[in-house]
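S.K.: One structure, as structure tokens, below. Some questions next.
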Amino acid sequence: MATTTGAAERRGSARGQDGPLGEEYEHEPVPAEARRGMLSVSAVWFGFPMNLGNAVFGGVIVHSLGLARGAAAIVLGNLVLFAYVGALSWLAGRTGENFSHQAARTFGTLGSRIPAGFLSTVVIGWYSFQIGLSGTTLQEALGWAPLLGALAGGVFYTVLTVLGIRALSLIGLVATPLFVVLAGVALWFGVTEGGASLGQAWSYEGTGHALSFGAAMSIVIAGFSDSGTMTADFTRWARDGRAAVVAASCAFPFANSVAYLIGGFVVAVGGAVDPAVNGGGFLGLLTGHGPLLTTVAVVFVFVNLGSVASHCLYNGAVGWSAITPLRMRPLAIVLSVVGLVAALTGVWSLFLDWLNLLGIFVPPIGAVLIMDQLVLRRRTAGREPRAYRPSALAAWAAGAGAATVAHYLVPGSVDAVVGMAVACGVHYALERSAAVPAARTA
């Protein structure tokens, strides 16, 4: 653990390096005087899930299950996310610690580098996905070369990230109302061109194949399992645990449900093109109606996808800076280049396989943190720091293993929930069977 003097020296050095951009507190908890107001922190989480990508996923779910069953899967998946992300946010708001520091309490000062490094790399995969989506979306809607859209998006998203938490809050305040208004316009065009009213859309039954109800829930949970697990990078800025939970609730169940359901309605009213692949992506509904709306649609792409990409890049940069001596801002630039190169290979297009990976390996990490620092906090709070905590690492492995078995051998199960339940149970059993820390018995 860093000494008070060392932390103070880093603060002074960091302020000198960051200048007018402000301190991002990569290597220490956010102090009370630097915490931000409820609106600012809530805006960071509010604008993050309300994006075109989630509309695509929502459309895929509704195309398979129908609107009524699809909506139920979407809402239930978001309630699971609220419990999961809300608990981790409460811990972050109380301590001001980012995810990497939070993980060090449970997995050990060195052991935490395994889940922290893993997640900090995984979110760059999502960043790459957003860059690729920027290029292909503008190509399909306007005929732009994919490389041009990807490069323009990458530069814009990197600038937002380098500006720090203030920029993430600002882009959320802009992206959210823009998404709601343009989604409403797109739905109106979808009803006009598709032939089904919003009322009739509820009777849409879907194809009845491709996805089970449990698999649909898994997509919803997996879609934000990585940044949701790393919520502390955002909610450490809240004034206390309660404010952090309120900020997280703006995303789950509210904003995330809205984005998925809008995509579902686009499919249900007949406004989607090839919904099995493109889901509820609605940008195409906004183009071809005059230069003004088309121009707004282009701005919308960069603002909307920027509200996702910049958050993912911020997670990755804060994560890697917390487990290395490096600063967040230079790392953001380096990781942005890595994400762009990955996007140009086309690997971002394998998003369903990506979601399966996330749903299996990521949720058990947060489940172990919640069990260790929330449920067992009276037992674990007084223990001495250690390099590795085998019980936590074993519980993560057990949860990921159980989720893998469920995914391949138990069709229809919710992989993420299975993994979280097993990880919690194993960690609880191992900790309860261990000797009580000396600090608790003195």
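Residue numbers start at 1 in each chain; chains themselves are named A, B, ... in the order of the structure tokens; ligands are numbered from 1 in the order shown.
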Which neighbours of segment 193-208 of chain A fall inside 10 Å, counting only C-alpha atoms, when residues of the same chain fewer than 3 positions from it are skipped, and could you give them as a list in words?
M.R.: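 Result of the neighbour search: Val60, Ile61, Val62, His63, Ser64, Leu65, Gly66, Leu67, Ala68, Arg69, Gly70, Ala71, Leu187, Trp188, Phe189, Gly190, Leu211, Ser212, Gly264, Phe265, Val266, Val267, Ala268, Val269, Gly270, Gly271, Ala272, Ala276 and Leu285 of chain A.
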S.K.: From a DSSP calculation on the backbone, collect every residue of segment 55-216 of chain A in alpha helix (DSSP H) and output the set as a VMD selection string.
M.R.: chain A and resid 55 to 65 67 to 95 99 to 107 113 to 142 146 to 163 165 to 194 198 to 201 213 to 216
S.K.: Quick check, in Å to one decimal: how far apart do atom CA of Val75 of chain A and atom CA of Pro253 of chain A lie?
M.R.: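 Between these atoms lies a distance of 7.0 Å.
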S.K.: With only C-alpha atoms as the counted atoms, please give the residues lying no more than 10 Å from Gly132 of chain A, apart from itself and same-chain residues fewer than 4 positions off, as a list in words.
M.R.: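 The residues that qualify are Trp126, Tyr127, Ser128, Thr136, Thr137, Pro146, Leu147, Gly149, Ala150, Leu151, Gly153, Gly154, Gly339, Leu340, Ala342, Ala343, Leu344, Thr345, Gly346, Val347, Trp348 and Ser349 of chain A.
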S.K.: Would you put the residues from that selection into a file with N, CA and C atoms, as a tab-separated table (two decimals), in the first residue's frame?
M.R.:
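The result, written out as again_23.tsv:
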chain	number	residue	atom	x	y	z
A	126	TRP	N	-14.21	-3.67	-26.84
A	126	TRP	CA	-15.46	-2.93	-27.07
A	126	TRP	C	-15.18	-1.60	-27.75
A	127	TYR	N	-14.08	-0.96	-27.36
A	127	TYR	CA	-13.69	0.29	-28.02
A	127	TYR	C	-13.47	0.03	-29.52
A	128	SER	N	-12.80	-1.07	-29.83
A	128	SER	CA	-12.56	-1.44	-31.22
A	128	SER	C	-13.88	-1.68	-31.94
A	136	THR	N	-18.72	1.20	-40.50
A	136	THR	CA	-19.72	0.47	-41.28
A	136	THR	C	-21.07	1.17	-41.26
A	137	THR	N	-21.42	1.80	-40.13
A	137	THR	CA	-22.70	2.51	-40.04
A	137	THR	C	-22.75	3.66	-41.04
A	146	PRO	N	-15.46	2.90	-45.12
A	146	PRO	CA	-15.40	2.48	-43.72
A	146	PRO	C	-14.17	3.00	-42.99
A	147	LEU	N	-13.01	3.03	-43.68
A	147	LEU	CA	-11.78	3.50	-43.04
A	147	LEU	C	-11.90	4.96	-42.63
A	149	GLY	N	-14.67	6.69	-41.82
A	149	GLY	CA	-15.52	6.80	-40.64
A	149	GLY	C	-14.83	6.29	-39.39
A	150	ALA	N	-14.08	5.20	-39.51
A	150	ALA	CA	-13.38	4.63	-38.36
A	150	ALA	C	-12.29	5.57	-37.86
A	151	LEU	N	-11.52	6.16	-38.78
A	151	LEU	CA	-10.45	7.08	-38.38
A	151	LEU	C	-11.02	8.33	-37.72
A	153	GLY	N	-13.88	8.64	-36.22
A	153	GLY	CA	-14.41	8.26	-34.91
A	153	GLY	C	-13.30	8.05	-33.90
A	154	GLY	N	-12.25	7.35	-34.29
A	154	GLY	CA	-11.16	7.08	-33.37
A	154	GLY	C	-10.52	8.34	-32.81
A	339	GLY	N	-6.73	-0.23	-30.45
A	339	GLY	CA	-8.13	-0.51	-30.79
A	339	GLY	C	-8.43	-0.26	-32.26
A	340	LEU	N	-7.85	0.78	-32.81
A	340	LEU	CA	-8.06	1.08	-34.23
A	340	LEU	C	-7.49	-0.02	-35.11
A	342	ALA	N	-7.05	-3.12	-34.29
A	342	ALA	CA	-7.91	-4.29	-34.14
A	342	ALA	C	-9.18	-4.14	-34.96
A	343	ALA	N	-9.75	-2.92	-34.98
A	343	ALA	CA	-10.97	-2.68	-35.75
A	343	ALA	C	-10.74	-2.91	-37.24
A	344	LEU	N	-9.58	-2.52	-37.74
A	344	LEU	CA	-9.29	-2.67	-39.17
A	344	LEU	C	-9.14	-4.12	-39.59
A	345	THR	N	-8.88	-5.02	-38.62
A	345	THR	CA	-8.79	-6.44	-38.94
A	345	THR	C	-10.17	-7.08	-39.10
A	346	GLY	N	-11.21	-6.38	-38.60
A	346	GLY	CA	-12.56	-6.91	-38.70
A	346	GLY	C	-12.97	-7.81	-37.55
A	347	VAL	N	-12.10	-8.00	-36.53
A	347	VAL	CA	-12.45	-8.90	-35.43
A	347	VAL	C	-13.63	-8.38	-34.62
A	348	TRP	N	-13.87	-7.07	-34.66
A	348	TRP	CA	-14.98	-6.49	-33.89
A	348	TRP	C	-16.33	-7.04	-34.35
A	349	SER	N	-16.40	-7.55	-35.57
A	349	SER	CA	-17.69	-8.01	-36.11
A	349	SER	C	-18.17	-9.31	-35.45
S.K.: Atom CA of Leu430 of chain A to atom CA of Ser227 of chain A: how many Å, to one decimal?
M.R.: 27.3 Å
S.K.: Calculated over only C-alpha atoms, which of the candidates A:Val185, A:Val308, A:Ala423, A:Leu409 has the smallest distance to Gly172 of chain A?
M.R.: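 That would be A:Val308, the residue with the smallest distance to Gly172 of chain A.
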S.K.: Which one is closest to Leu369 of chain A: A:Ser413, A:Gln102, A:Ser89, A:Asn315? Count only C-alpha atoms.
M.R.: A:Gln102
S.K.: Can you tell me, as a PyMOL selection string, what residues are no more than 8 Å from Val362 of chain A when counting only C-alpha atoms, ignoring any on the same chain fewer than 5 positions away?
M.R.: chain A and resi 119+225-226+229+400
S.K.: Residues of the last selection are to be written out with N, CA and C atoms, as a short mmCIF file (atom, residue, chain, number, x, y, z; two decimals), in the first residue's frame.
M.R.:
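Below you can see selection.cif, which holds the result:
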data_model
loop_
_atom_site.label_atom_id
_atom_site.label_comp_id
_atom_site.auth_asym_id
_atom_site.auth_seq_id
_atom_site.Cartn_x
_atom_site.Cartn_y
_atom_site.Cartn_z
N LEU A 119 -9.75 -7.33 -17.69
CA LEU A 119 -10.86 -6.43 -18.00
C LEU A 119 -10.40 -5.18 -18.73
N SER A 225 -21.26 -6.38 -18.74
CA SER A 225 -20.59 -7.04 -17.62
C SER A 225 -19.18 -6.51 -17.41
N ASP A 226 -18.50 -6.08 -18.49
CA ASP A 226 -17.12 -5.61 -18.33
C ASP A 226 -17.07 -4.21 -17.71
N THR A 229 -18.63 -4.19 -14.30
CA THR A 229 -17.72 -4.65 -13.25
C THR A 229 -16.72 -3.56 -12.88
N ALA A 400 -16.36 -19.09 -13.41
CA ALA A 400 -16.18 -19.10 -14.86
C ALA A 400 -16.35 -20.51 -15.41
#
S.K.: Any idea what's packed within 9 Å of Gly366 of chain A, counting only C-alpha atoms, ignoring anything in its chain fewer than 5 positions away? Could you give it as a list of chain:residue names?
M.R.: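 The filter keeps A:Tyr84, A:Val85, A:Leu88, A:Ala103, A:Ser225, A:Gly228, A:Thr229, A:Met230, A:Met371, A:Trp396, A:Met420.
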S.K.: Which residue gives the smallest distance to Val341 of chain A among A:Leu358, A:Ala116, A:Val405, A:Ile124, with only C-alpha atoms counted?
M.R.: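 Ranking A:Leu358, A:Ala116, A:Val405, A:Ile124 by distance to Val341 of chain A, first place goes to A:Ile124.
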S.K.: I'd like to know which of A:Ala309, A:Leu374, A:Ala87, A:Val414 is closest to Ala248 of chain A, using only C-alpha atoms.
M.R.: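 Under the stated criterion, the closest residue is A:Ala87.
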S.K.: Give me, as JSON lines, each residue of segment 284-329 of chain A that comes within 12 Å of segment 107-115 of chain A, together with its shortest interatomic pair and the distance in Å at one decimal, counting only C-alpha atoms, with rows ordered by chain and rising residue number.
M.R.:
{"residue": "A:Gly319", "atom": "CA", "partner": "A:Arg113", "partner_atom": "CA", "distance": 9.4}
{"residue": "A:Trp320", "atom": "CA", "partner": "A:Arg113", "partner_atom": "CA", "distance": 9.1}
{"residue": "A:Ser321", "atom": "CA", "partner": "A:Arg113", "partner_atom": "CA", "distance": 11.3}
{"residue": "A:Ala322", "atom": "CA", "partner": "A:Arg113", "partner_atom": "CA", "distance": 9.4}
{"residue": "A:Ile323", "atom": "CA", "partner": "A:Arg113", "partner_atom": "CA", "distance": 6.5}
{"residue": "A:Thr324", "atom": "CA", "partner": "A:Arg113", "partner_atom": "CA", "distance": 9.6}
S.K.: Excluding Leu168 of chain A and its own-chain neighbours fewer than 6 positions away, which residues fall within 12 Å of it when counting only C-alpha atoms? Please give them as JSON, numbers by chain.
M.R.: {"A": [40, 41, 42, 43, 44, 45, 46, 47, 48, 157, 158, 159, 160, 161, 162, 174, 175, 233, 234, 303, 304, 306, 307, 308, 309, 310, 311, 312, 313, 314, 315]}
S.K.: What does the file look like for those residues with C-alpha atoms, as a compact mmCIF listing (two decimals), in the first residue's frame?
M.R.:
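Printed below is result_17.txt as written:
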# COMPACT_ATOMS: atom_id res chain seq x y z
CA SER A 40 -22.34 14.90 -13.23
CA VAL A 41 -21.76 11.28 -12.14
CA SER A 42 -25.23 10.18 -13.23
CA ALA A 43 -24.68 11.68 -16.69
CA VAL A 44 -21.56 9.54 -17.10
CA TRP A 45 -23.59 6.35 -16.64
CA PHE A 46 -26.83 7.66 -18.22
CA GLY A 47 -25.37 8.29 -21.66
CA PHE A 48 -23.21 5.15 -21.76
CA TYR A 157 -13.29 9.31 -29.12
CA THR A 158 -9.65 9.59 -28.05
CA VAL A 159 -9.92 13.34 -27.54
CA LEU A 160 -12.97 12.83 -25.33
CA THR A 161 -11.14 10.26 -23.22
CA VAL A 162 -8.03 12.39 -22.79
CA VAL A 174 -25.67 15.56 -24.98
CA ALA A 175 -25.96 11.97 -26.20
CA ASP A 233 -13.77 3.90 -12.41
CA PHE A 234 -16.85 6.13 -12.82
CA VAL A 303 -21.90 11.63 -30.44
CA ASN A 304 -23.77 8.42 -29.72
CA GLY A 306 -18.57 8.41 -28.72
CA SER A 307 -20.55 8.13 -25.50
CA VAL A 308 -19.68 4.42 -25.51
CA ALA A 309 -16.21 4.34 -27.02
CA SER A 310 -14.80 7.06 -24.77
CA HIS A 311 -16.09 5.28 -21.66
CA CYS A 312 -14.54 1.98 -22.72
CA LEU A 313 -11.23 3.64 -23.55
CA TYR A 314 -11.33 5.45 -20.18
CA ASN A 315 -11.89 2.12 -18.39
S.K.: Which residue gives the smallest distance to Arg378 of chain A among A:Leu326, A:Arg432, A:Ala167, A:Phe254, with only C-alpha atoms counted?
M.R.: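 Looking only at the distances to Arg378 of chain A, the closest residue turns out to be A:Arg432.
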S.K.: Might you pull out every residue within 10 Å of Gly214 of chain A, with only C-alpha atoms counted and same-chain residues fewer than 5 positions away left off, and present them as a list in words?
M.R.: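 Answer for this query is Ala73, Gly77, Ile219, Pro411, Gly412, Ser413, Val414, Asp415, Ala416 and Val417 of chain A.
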S.K.: Can you write just those residues out, N, CA and C atoms, as a short mmCIF file (atom, residue, chain, number, x, y, z; two decimals), in the first residue's frame?
M.R.:
data_model
loop_
_atom_site.label_atom_id
_atom_site.label_comp_id
_atom_site.auth_asym_id
_atom_site.auth_seq_id
_atom_site.Cartn_x
_atom_site.Cartn_y
_atom_site.Cartn_z
N ALA A 73 -37.27 -10.35 -21.17
CA ALA A 73 -35.86 -10.75 -21.02
C ALA A 73 -34.97 -9.53 -20.84
N GLY A 77 -32.92 -8.91 -17.39
CA GLY A 77 -31.46 -8.81 -17.49
C GLY A 77 -30.96 -7.51 -16.90
N ILE A 219 -27.34 -12.07 -23.06
CA ILE A 219 -26.82 -11.01 -23.94
C ILE A 219 -26.91 -9.67 -23.23
N PRO A 411 -28.67 -25.75 -22.19
CA PRO A 411 -29.29 -24.75 -23.07
C PRO A 411 -30.42 -24.00 -22.36
N GLY A 412 -30.46 -22.71 -22.59
CA GLY A 412 -31.51 -21.90 -21.99
C GLY A 412 -31.14 -21.30 -20.65
N SER A 413 -30.00 -21.69 -20.09
CA SER A 413 -29.59 -21.13 -18.80
C SER A 413 -29.05 -19.71 -18.99
N VAL A 414 -29.04 -18.94 -17.90
CA VAL A 414 -28.45 -17.60 -17.92
C VAL A 414 -27.03 -17.75 -17.41
N ASP A 415 -26.07 -17.84 -18.34
CA ASP A 415 -24.69 -18.17 -17.99
C ASP A 415 -24.12 -17.26 -16.91
N ALA A 416 -24.36 -15.95 -17.07
CA ALA A 416 -23.78 -14.99 -16.13
C ALA A 416 -24.28 -15.22 -14.72
N VAL A 417 -25.57 -15.50 -14.56
CA VAL A 417 -26.14 -15.72 -13.23
C VAL A 417 -25.58 -16.99 -12.62
#
S.K.: My list of candidates is A:Ala402, A:Leu331, A:Leu91, A:Ala145. Which is closest to Gly241 of chain A when distances are computed with only C-alpha atoms?
M.R.: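 Of A:Ala402, A:Leu331, A:Leu91, A:Ala145, the one nearest Gly241 of chain A is A:Leu91, counting only C-alpha atoms.
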